[in-house]
file input_17.cif (mmCIF, C-alpha atoms)
data_data
loop_
_atom_site.group_PDB
_atom_site.id
_atom_site.type_symbol
_atom_site.label_atom_id
_atom_site.label_comp_id
_atom_site.auth_asym_id
_atom_site.auth_seq_id
_atom_site.Cartn_x
_atom_site.Cartn_y
_atom_site.Cartn_z
ATOM 1 C CA MET C 1 48.940 -73.700 88.420
ATOM 2 C CA ILE C 2 49.225 -74.474 84.674
ATOM 3 C CA LEU C 3 47.976 -78.025 85.215
ATOM 4 C CA ARG C 4 44.943 -76.745 87.176
ATOM 5 C CA HIS C 5 44.165 -74.178 84.420
ATOM 6 C CA ARG C 6 44.481 -76.827 81.686
ATOM 7 C CA THR C 7 42.226 -79.241 83.610
ATOM 8 C CA SER C 8 39.479 -76.663 84.098
ATOM 9 C CA LEU C 9 39.803 -75.595 80.443
ATOM 10 C CA LEU C 10 39.378 -79.211 79.300
ATOM 11 C CA ALA C 11 36.425 -79.686 81.648
ATOM 12 C CA GLY C 12 34.807 -76.528 80.254
ATOM 13 C CA LEU C 13 35.344 -77.681 76.665
ATOM 14 C CA ALA C 14 33.878 -81.101 77.461
ATOM 15 C CA ALA C 15 30.796 -79.529 79.038
ATOM 16 C CA ALA C 16 30.339 -77.184 76.077
ATOM 17 C CA SER C 17 30.687 -80.094 73.632
ATOM 18 C CA MET C 18 28.047 -82.103 75.450
ATOM 19 C CA THR C 19 25.690 -79.113 75.440
ATOM 20 C CA LEU C 20 26.188 -78.599 71.706
ATOM 21 C CA LEU C 21 25.685 -82.280 70.957
ATOM 22 C CA GLY C 22 22.492 -82.294 72.999
ATOM 23 C CA ALA C 23 21.204 -79.255 71.126
ATOM 24 C CA CYS C 24 21.847 -80.952 67.765
ATOM 25 C CA ALA C 25 20.106 -84.194 68.667
ATOM 26 C CA THR C 26 16.647 -84.458 67.190
ATOM 27 C CA THR C 27 14.047 -87.131 67.175
ATOM 28 C CA PRO C 28 13.172 -88.043 63.608
ATOM 29 C CA ALA C 29 9.517 -87.977 62.663
ATOM 30 C CA ALA C 30 7.879 -91.359 62.778
ATOM 31 C CA PRO C 31 7.645 -92.821 59.311
ATOM 32 C CA THR C 32 4.154 -92.610 57.893
ATOM 33 C CA SER C 33 4.168 -96.285 56.983
ATOM 34 C CA ALA C 34 4.380 -97.073 60.711
ATOM 35 C CA THR C 35 1.129 -95.226 61.353
ATOM 36 C CA LEU C 36 -0.721 -96.364 58.233
ATOM 37 C CA ALA C 37 -1.542 -100.071 58.104
ATOM 38 C CA ALA C 38 -1.621 -101.796 54.716
ATOM 39 C CA GLY C 39 -5.143 -102.638 53.581
ATOM 40 C CA GLN C 40 -6.769 -100.185 55.980
ATOM 41 C CA GLN C 41 -8.702 -97.037 55.133
ATOM 42 C CA ALA C 42 -6.995 -93.767 56.058
ATOM 43 C CA THR C 43 -7.385 -90.029 55.702
ATOM 44 C CA VAL C 44 -4.348 -87.749 55.502
ATOM 45 C CA ASP C 45 -4.343 -83.941 55.661
ATOM 46 C CA GLY C 46 -1.329 -81.983 54.517
ATOM 47 C CA THR C 47 0.455 -79.833 51.987
ATOM 48 C CA ILE C 48 1.393 -80.987 48.502
ATOM 49 C CA VAL C 49 5.142 -81.420 48.069
ATOM 50 C CA SER C 50 5.091 -82.604 44.449
ATOM 51 C CA VAL C 51 2.752 -83.614 41.635
ATOM 52 C CA ASP C 52 3.776 -86.193 39.018
ATOM 53 C CA THR C 53 1.163 -86.949 36.347
ATOM 54 C CA THR C 54 3.714 -88.420 33.912
ATOM 55 C CA PRO C 55 2.717 -92.041 34.733
ATOM 56 C CA TRP C 56 -0.720 -91.331 33.252
ATOM 57 C CA THR C 57 0.920 -91.322 29.801
ATOM 58 C CA TYR C 58 1.531 -95.075 30.127
ATOM 59 C CA ASP C 59 -1.623 -95.973 32.102
ATOM 60 C CA GLY C 60 0.070 -95.702 35.497
ATOM 61 C CA SER C 61 -1.020 -93.774 38.554
ATOM 62 C CA ALA C 62 -0.204 -90.112 39.030
ATOM 63 C CA ILE C 63 1.583 -89.537 42.331
ATOM 64 C CA ILE C 64 0.785 -86.602 44.572
ATOM 65 C CA ARG C 65 3.244 -86.417 47.487
ATOM 66 C CA ILE C 66 1.774 -84.862 50.636
ATOM 67 C CA ALA C 67 3.687 -83.635 53.680
ATOM 68 C CA ALA C 68 1.498 -84.628 56.620
ATOM 69 C CA ALA C 69 1.996 -84.193 60.354
ATOM 70 C CA ASN C 70 3.638 -87.615 60.655
ATOM 71 C CA GLY C 71 5.689 -87.699 57.446
ATOM 72 C CA GLN C 72 5.248 -87.757 53.684
ATOM 73 C CA VAL C 73 2.596 -89.855 51.969
ATOM 74 C CA ASP C 74 2.315 -90.678 48.279
ATOM 75 C CA VAL C 75 -1.252 -90.525 46.972
ATOM 76 C CA HIS C 76 -1.892 -92.592 43.848
ATOM 77 C CA LEU C 77 -4.446 -91.304 41.350
ATOM 78 C CA PRO C 78 -5.250 -94.049 38.811
ATOM 79 C CA ALA C 79 -5.237 -93.214 35.107
ATOM 80 C CA ARG C 80 -8.577 -94.930 34.504
ATOM 81 C CA TRP C 81 -11.120 -93.211 36.739
ATOM 82 C CA ASN C 82 -13.942 -95.000 34.930
ATOM 83 C CA LEU C 83 -12.805 -98.143 36.800
ATOM 84 C CA CYS C 84 -12.909 -96.395 40.195
ATOM 85 C CA LYS C 85 -15.772 -96.194 42.660
ATOM 86 C CA ALA C 86 -14.519 -92.793 43.830
ATOM 87 C CA PRO C 87 -15.221 -89.576 41.971
ATOM 88 C CA PRO C 88 -12.172 -88.143 40.168
ATOM 89 C CA PRO C 89 -10.462 -85.190 41.834
ATOM 90 C CA ASP C 90 -11.268 -81.769 40.429
ATOM 91 C CA ASP C 91 -8.683 -80.359 38.032
ATOM 92 C CA VAL C 92 -5.609 -82.417 38.944
ATOM 93 C CA GLN C 93 -3.519 -80.418 36.459
ATOM 94 C CA SER C 94 -3.966 -77.291 38.598
ATOM 95 C CA LEU C 95 -2.613 -78.940 41.781
ATOM 96 C CA LYS C 96 0.778 -77.611 42.810
ATOM 97 C CA ALA C 97 3.287 -77.688 45.650
ATOM 98 C CA GLY C 98 1.998 -75.755 48.625
ATOM 99 C CA ASP C 99 -1.696 -76.539 48.083
ATOM 100 C CA ARG C 100 -3.481 -77.894 51.171
ATOM 101 C CA VAL C 101 -5.326 -81.166 50.544
ATOM 102 C CA GLN C 102 -7.031 -84.095 52.205
ATOM 103 C CA ALA C 103 -6.688 -87.611 50.784
ATOM 104 C CA THR C 104 -8.835 -90.591 51.756
ATOM 105 C CA GLY C 105 -8.071 -94.052 50.443
ATOM 106 C CA THR C 106 -6.735 -97.543 50.978
ATOM 107 C CA VAL C 107 -3.198 -97.922 52.324
ATOM 108 C CA THR C 108 -0.820 -99.963 50.151
ATOM 109 C CA ASP C 109 1.988 -102.203 51.401
ATOM 110 C CA ASP C 110 4.498 -99.369 50.941
ATOM 111 C CA GLY C 111 2.417 -96.846 52.936
ATOM 112 C CA ALA C 112 0.889 -94.974 49.991
ATOM 113 C CA LEU C 113 -2.814 -94.190 49.583
ATOM 114 C CA VAL C 114 -4.875 -95.283 46.584
ATOM 115 C CA VAL C 115 -7.945 -93.065 46.263
ATOM 116 C CA CYS C 116 -10.093 -95.242 44.017
ATOM 117 C CA GLU C 117 -11.648 -98.241 45.757
ATOM 118 C CA GLY C 118 -14.589 -96.671 47.588
ATOM 119 C CA PRO C 119 -17.117 -93.909 46.978
ATOM 120 C CA GLN C 120 -15.803 -92.021 50.018
ATOM 121 C CA HIS C 121 -12.249 -92.003 48.636
ATOM 122 C CA GLY C 122 -10.766 -88.952 47.026
ATOM 123 C CA LEU C 123 -8.321 -86.095 46.973
ATOM 124 C CA ARG C 124 -9.797 -82.728 47.914
ATOM 125 C CA ARG C 125 -8.389 -79.231 48.358
ATOM 126 C CA THR C 126 -8.813 -77.851 51.858
ATOM 127 C CA PRO C 127 -8.718 -74.250 53.096
#

call {"tool": "encode", "arguments": {"input": "input_17.cif", "output": "structure tokens"}}
result
Amino acid sequence: MILRHRTSLLAGLAAASMTLLGACATTPAAPTSATLAAGQQATVDGTIVSVDTTPWTYDGSAIIRIAAANGQVDVHLPARWNLCKAPPPDDVQSLKAGDRVQATGTVTDDGALVVCEGPQHGLRRTP
């Protein structure tokens, strides 16, 4: 009787463990770099996660990180807009986490977007 009780208790615990493990398993979001091909043109819609304009102080690109449906994308805003074919974004200093935006640009080798190379490129707020 004790052996039968212990066996059914162990079977119940094993079933519960498998159920809990199955509930915890998630499928990670596909990395954005897998969906954006280097050298191609792309448009990404999402919410700003962070804004870093510090690189502009040494002629680098500001980086706006966007959370999109398929992962996070870094959008590079060059310091020298006079060398870009795209119009500069409106009031970059007012951009903040939580703002909805759309970015169109050329995909870099690391999966980021550079919004400078074409007149259709840019970073725009969306409703």

call {"tool": "residues_around", "arguments": {"input": "input_17.cif", "residues": "range 68-83 of chain C", "least_positions_apart": "5", "cutoff": "9 Å", "atoms": "all atoms listed in the file", "output": "ChimeraX atom specification"}}
result
/C:29-33,35,44-49,53,55-63,88-89,103-105,111-116,122-123

call {"tool": "closest_residue", "arguments": {"input": "input_17.cif", "among": "C:Thr108, C:Gln120, C:Ser50, C:Gln102", "to": "Cys84 in chain C", "atoms": "only C-alpha atoms"}}
result
C:Gln120

call {"tool": "closest_residue", "arguments": {"input": "input_17.cif", "among": "C:Lys85, C:Asp109, C:Ile64, C:Thr54", "to": "Ala37 in chain C", "atoms": "only C-alpha atoms"}}
result
C:Asp109

call {"tool": "closest_residue", "arguments": {"input": "input_17.cif", "among": "C:Pro127, C:Pro87, C:Gly39, C:Pro119", "to": "Thr106 in chain C", "atoms": "all atoms listed in the file"}}
result
C:Gly39

call {"tool": "resolve_selection", "arguments": {"input": "input_17.cif", "expression": "the PyMOL selection byres ((chain C and resi 96) around 7)", "output": "PyMOL selection string"}}
result
chain C and resi 48+50-51+94-95+97-99

call {"tool": "closest_residue", "arguments": {"input": "input_17.cif", "among": "C:Asp52, C:Arg125, C:Thr43, C:Leu36", "to": "Arg100 in chain C", "atoms": "all atoms listed in the file"}}
result
C:Arg125

call {"tool": "atom_distance", "arguments": {"input": "input_17.cif", "atom1": "CA of Glu117 in chain C", "atom2": "CA of Ala67 in chain C"}}
result
22.6 Å
